Amino acid sequence: MSEHPGQGQDTHQHEAHQHHAHDAGGAPEAAGGGVDPGTVWDERYRTKARLWSGKPNPQLVREAGGLRPGKALELGCGEGADAIWLARQGWSVTAVDVSAVALERAHSHELAELARESVNASNGDIRSRITWQQADLTQWQPEGPYDLVTSQFLHSQELDWRVPLRTAASAVKPGGTLLLVGHHPDRLPPWGNDHHQHLDMFYTGDQLVRELALDGPGWQLEVLTNRERLATGPDGQEATIADVVLRATRLA
């Protein structure tokens with residue numbers, strides 16, 4: 001299924017675009033051997049004062065904007081823009097990321113948002129609606145269940161997307177929503193050769209349905225589509241890329 005909405009220039013990177021490689025030969029090792037993803041992502045976040053745009057992902061806004069707020073879980077929250085947007089819509093959010101640096105920034109951004117809200121609040125009492133959690137998503141298990149579970153662009157060489165996204169699907173309560181968004185592997189931007197050499201980081205909609213068993217009787221697919229958008233690269237170059245968007249309701 002393919003859908004082509006009106007295209008507008010997208011000049012910002014998304015909060016959880018976790019598809020950047022670590023420097024070759026310089027990756028730290030985890031205690032049990034192999035690459036330590038938390039340290040890799042901490043180092044990457046430290047390269048810039050702000051890695052992402054601070055804006056919520058447009059597919060999240062489009063798909064979750066009409067949902068009734070409840071308890072939400074976000075996997076791979078990055079610097080927190082999506083979690084903060086959800087909280088502003090009335091959701092109570094558990095936001096999880098592997099990077100302590102990203103979470104520290106996310107909490108700081110939330111505090112700044114709360115301060116702005118309190119200026120306009122009649123009683124000045126604006127309370128946090130977000131719980132920030134640091135975790136290795138290959139091992140972490142949610143307390144759940146949740147009314148909304150979302151993951152936006154959870155792509156990383158250090159992470160098999162199947163593991164956390166299966167966890168995401170299992171955390172949705174009956175009647176709740178699973179919302180997954182990622183880069184389509186056939187429509188990646190031409191800049192950044194690293195991700196073209198690691199296409200297994202990405203997925204199609206059909207792969208999501210198959211790997212997460214969303215075609216069974218316990219799920220109803222509401223949206224399964226590829227949405228094109230115009231993206232701008234680090235040197236101002238433009239390309240039309242595609243987002244894989246999946247929204248499903250758990251029936252039982």
# chains A, B, ... in the order shown; residues from 1 in each chain; ligands from 1
>>> select_by_dssp(residues="segment 72-174 of chain A", states="strand (DSSP E or B)", output="number ranges by chain")
A: 72-75, 92-97, 130-134, 146-152, 154, 156, 159, 172-174
>>> write_last_selection(atoms="N, CA and C atoms", output="tab-separated table (two decimals), in the first residue's frame")
chain	number	residue	atom	x	y	z
A	72	ALA	N	1.31	6.15	27.57
A	72	ALA	CA	2.09	5.94	26.35
A	72	ALA	C	3.50	5.48	26.69
A	73	LEU	N	4.06	4.68	25.80
A	73	LEU	CA	5.44	4.22	25.89
A	73	LEU	C	6.14	4.58	24.59
A	74	GLU	N	7.32	5.21	24.70
A	74	GLU	CA	8.13	5.50	23.52
A	74	GLU	C	9.48	4.82	23.65
A	75	LEU	N	9.84	4.04	22.64
A	75	LEU	CA	11.13	3.37	22.61
A	75	LEU	C	12.09	4.14	21.71
A	92	SER	N	0.38	10.37	29.65
A	92	SER	CA	1.39	10.05	30.64
A	92	SER	C	2.40	9.14	29.95
A	93	VAL	N	3.65	9.58	29.85
A	93	VAL	CA	4.61	8.96	28.94
A	93	VAL	C	5.76	8.32	29.70
A	94	THR	N	6.08	7.09	29.33
A	94	THR	CA	7.34	6.46	29.71
A	94	THR	C	8.22	6.49	28.48
A	95	ALA	N	9.34	7.21	28.57
A	95	ALA	CA	10.23	7.42	27.42
A	95	ALA	C	11.57	6.75	27.71
A	96	VAL	N	11.99	5.85	26.82
A	96	VAL	CA	13.15	5.00	27.07
A	96	VAL	C	14.20	5.23	25.99
A	97	ASP	N	15.46	5.30	26.41
A	97	ASP	CA	16.56	5.41	25.45
A	97	ASP	C	17.81	4.79	26.08
A	130	ILE	N	6.07	12.83	32.26
A	130	ILE	CA	7.02	11.96	31.56
A	130	ILE	C	7.94	11.29	32.58
A	131	THR	N	8.13	9.99	32.41
A	131	THR	CA	9.14	9.24	33.15
A	131	THR	C	10.23	8.84	32.16
A	132	TRP	N	11.45	9.31	32.41
A	132	TRP	CA	12.59	9.01	31.53
A	132	TRP	C	13.31	7.79	32.07
A	133	GLN	N	13.61	6.83	31.19
A	133	GLN	CA	14.29	5.61	31.61
A	133	GLN	C	15.45	5.30	30.67
A	134	GLN	N	16.60	4.99	31.25
A	134	GLN	CA	17.74	4.52	30.46
A	134	GLN	C	17.73	3.00	30.45
A	146	TYR	N	0.14	-0.52	27.83
A	146	TYR	CA	0.00	0.88	27.48
A	146	TYR	C	-1.09	1.08	26.43
A	147	ASP	N	-1.69	2.28	26.47
A	147	ASP	CA	-2.70	2.64	25.47
A	147	ASP	C	-2.06	2.96	24.12
A	148	LEU	N	-0.84	3.46	24.15
A	148	LEU	CA	-0.09	3.77	22.93
A	148	LEU	C	1.35	3.36	23.13
A	149	VAL	N	1.89	2.60	22.19
A	149	VAL	CA	3.31	2.29	22.17
A	149	VAL	C	3.84	2.75	20.81
A	150	THR	N	4.89	3.56	20.84
A	150	THR	CA	5.40	4.12	19.60
A	150	THR	C	6.92	4.04	19.56
A	151	SER	N	7.45	3.89	18.37
A	151	SER	CA	8.88	3.96	18.12
A	151	SER	C	9.07	4.62	16.77
A	152	GLN	N	9.89	5.66	16.74
A	152	GLN	CA	10.10	6.44	15.53
A	152	GLN	C	11.56	6.32	15.10
A	154	LEU	N	13.82	3.82	14.79
A	154	LEU	CA	14.73	3.09	15.66
A	154	LEU	C	15.66	2.26	14.79
A	156	SER	N	19.72	1.31	14.09
A	156	SER	CA	21.07	1.37	14.65
A	156	SER	C	21.83	0.11	14.28
A	159	LEU	N	21.83	-2.53	17.07
A	159	LEU	CA	20.55	-3.01	17.56
A	159	LEU	C	19.78	-3.72	16.45
A	172	VAL	N	1.34	-3.34	24.22
A	172	VAL	CA	0.09	-2.66	23.88
A	172	VAL	C	-1.07	-3.38	24.57
A	173	LYS	N	-1.93	-2.64	25.23
A	173	LYS	CA	-3.09	-3.22	25.90
A	173	LYS	C	-4.20	-3.48	24.88
A	174	PRO	N	-5.14	-4.37	25.17
A	174	PRO	CA	-6.29	-4.55	24.28
A	174	PRO	C	-7.02	-3.23	24.06
>>> residues_around(residues="Met201 of chain A", least_positions_apart="3", cutoff="7 Å", atoms="only C-alpha atoms", output="list in words")
His155, Ser156, Gln157, Trp161 and His198 of chain A
>>> residues_around(residues="Phe202 of chain A", least_positions_apart="3", cutoff="7 Å", atoms="only C-alpha atoms", output="PyMOL selection string")
chain A and resi 155+183-185+199
>>> write_last_selection(atoms="N, CA, C and O atoms", output="tab-separated table (two decimals), in the first residue's frame")
chain	number	residue	atom	x	y	z
A	155	HIS	N	16.68	2.91	14.23
A	155	HIS	CA	17.63	2.27	13.33
A	155	HIS	C	19.03	2.41	13.90
A	155	HIS	O	19.48	3.53	14.17
A	183	HIS	N	12.59	4.44	8.22
A	183	HIS	CA	13.01	4.71	6.84
A	183	HIS	C	12.75	3.48	5.97
A	183	HIS	O	13.08	2.35	6.37
A	184	HIS	N	12.20	3.68	4.79
A	184	HIS	CA	12.06	2.58	3.84
A	184	HIS	C	13.44	2.28	3.25
A	184	HIS	O	14.14	3.18	2.78
A	185	PRO	N	13.87	1.01	3.26
A	185	PRO	CA	15.22	0.69	2.79
A	185	PRO	C	15.47	0.99	1.32
A	185	PRO	O	16.63	1.16	0.91
A	199	LEU	N	21.78	-2.19	5.24
A	199	LEU	CA	20.35	-2.11	4.96
A	199	LEU	C	19.51	-2.95	5.91
A	199	LEU	O	18.30	-2.74	6.01
>>> atom_distance(atom1="atom CA of Ser99 of chain A", atom2="atom CA of Trp140 of chain A")
13.7 Å
>>> closest_residue(among="A:Val98, A:Ala112, A:Val61, A:Ile84", to="Glu158 of chain A", atoms="only C-alpha atoms")
A:Val98
>>> atom_distance(atom1="atom CA of Asp206 of chain A", atom2="atom CA of Leu224 of chain A")
8.4 Å
>>> closest_atom_pairs(of="segment 200-230 of chain A", to="segment 237-246 of chain A", cutoff="8 Å", atoms="only C-alpha atoms", output="Markdown table")
| residue | atom | partner | partner_atom | distance |
| --- | --- | --- | --- | --- |
| A:Tyr203 | CA | A:Val244 | CA | 7.9 |
| A:Thr204 | CA | A:Val244 | CA | 6.4 |
| A:Gly205 | CA | A:Val244 | CA | 6.0 |
| A:Leu221 | CA | A:Leu246 | CA | 7.7 |
| A:Glu222 | CA | A:Leu246 | CA | 7.7 |
| A:Val223 | CA | A:Leu246 | CA | 5.3 |
| A:Leu224 | CA | A:Leu246 | CA | 4.6 |
| A:Thr225 | CA | A:Val245 | CA | 5.4 |
| A:Asn226 | CA | A:Val244 | CA | 4.7 |
| A:Arg227 | CA | A:Asp243 | CA | 5.1 |
| A:Glu228 | CA | A:Ala242 | CA | 4.2 |
| A:Arg229 | CA | A:Thr240 | CA | 5.6 |
| A:Leu230 | CA | A:Thr240 | CA | 4.5 |
>>> residues_around(residues="His109 of chain A", least_positions_apart="6", cutoff="10 Å", atoms="only C-alpha atoms", output="NGL selection string")
:A and (54 or 79-81 or 84 or 103 or 115)
>>> write_last_selection(atoms="C-alpha atoms", output="PDB file, in the first residue's frame")
ATOM      1  CA  GLY A  54      13.531  19.549  18.835  1.00  0.00           C
ATOM      2  CA  GLU A  79      16.357  14.160  23.072  1.00  0.00           C
ATOM      3  CA  GLY A  80      12.688  13.961  23.945  1.00  0.00           C
ATOM      4  CA  ALA A  81      10.715  15.980  21.401  1.00  0.00           C
ATOM      5  CA  ILE A  84       7.215  16.106  25.250  1.00  0.00           C
ATOM      6  CA  LEU A 103      17.964  11.491  28.423  1.00  0.00           C
ATOM      7  CA  ALA A 115       8.580  26.491  32.809  1.00  0.00           C
TER       8      ALA A 115
END
>>> closest_residue(among="A:Thr232, A:Gly76, A:Trp91, A:Asp200", to="Ala106 of chain A", atoms="only C-alpha atoms")
A:Gly76
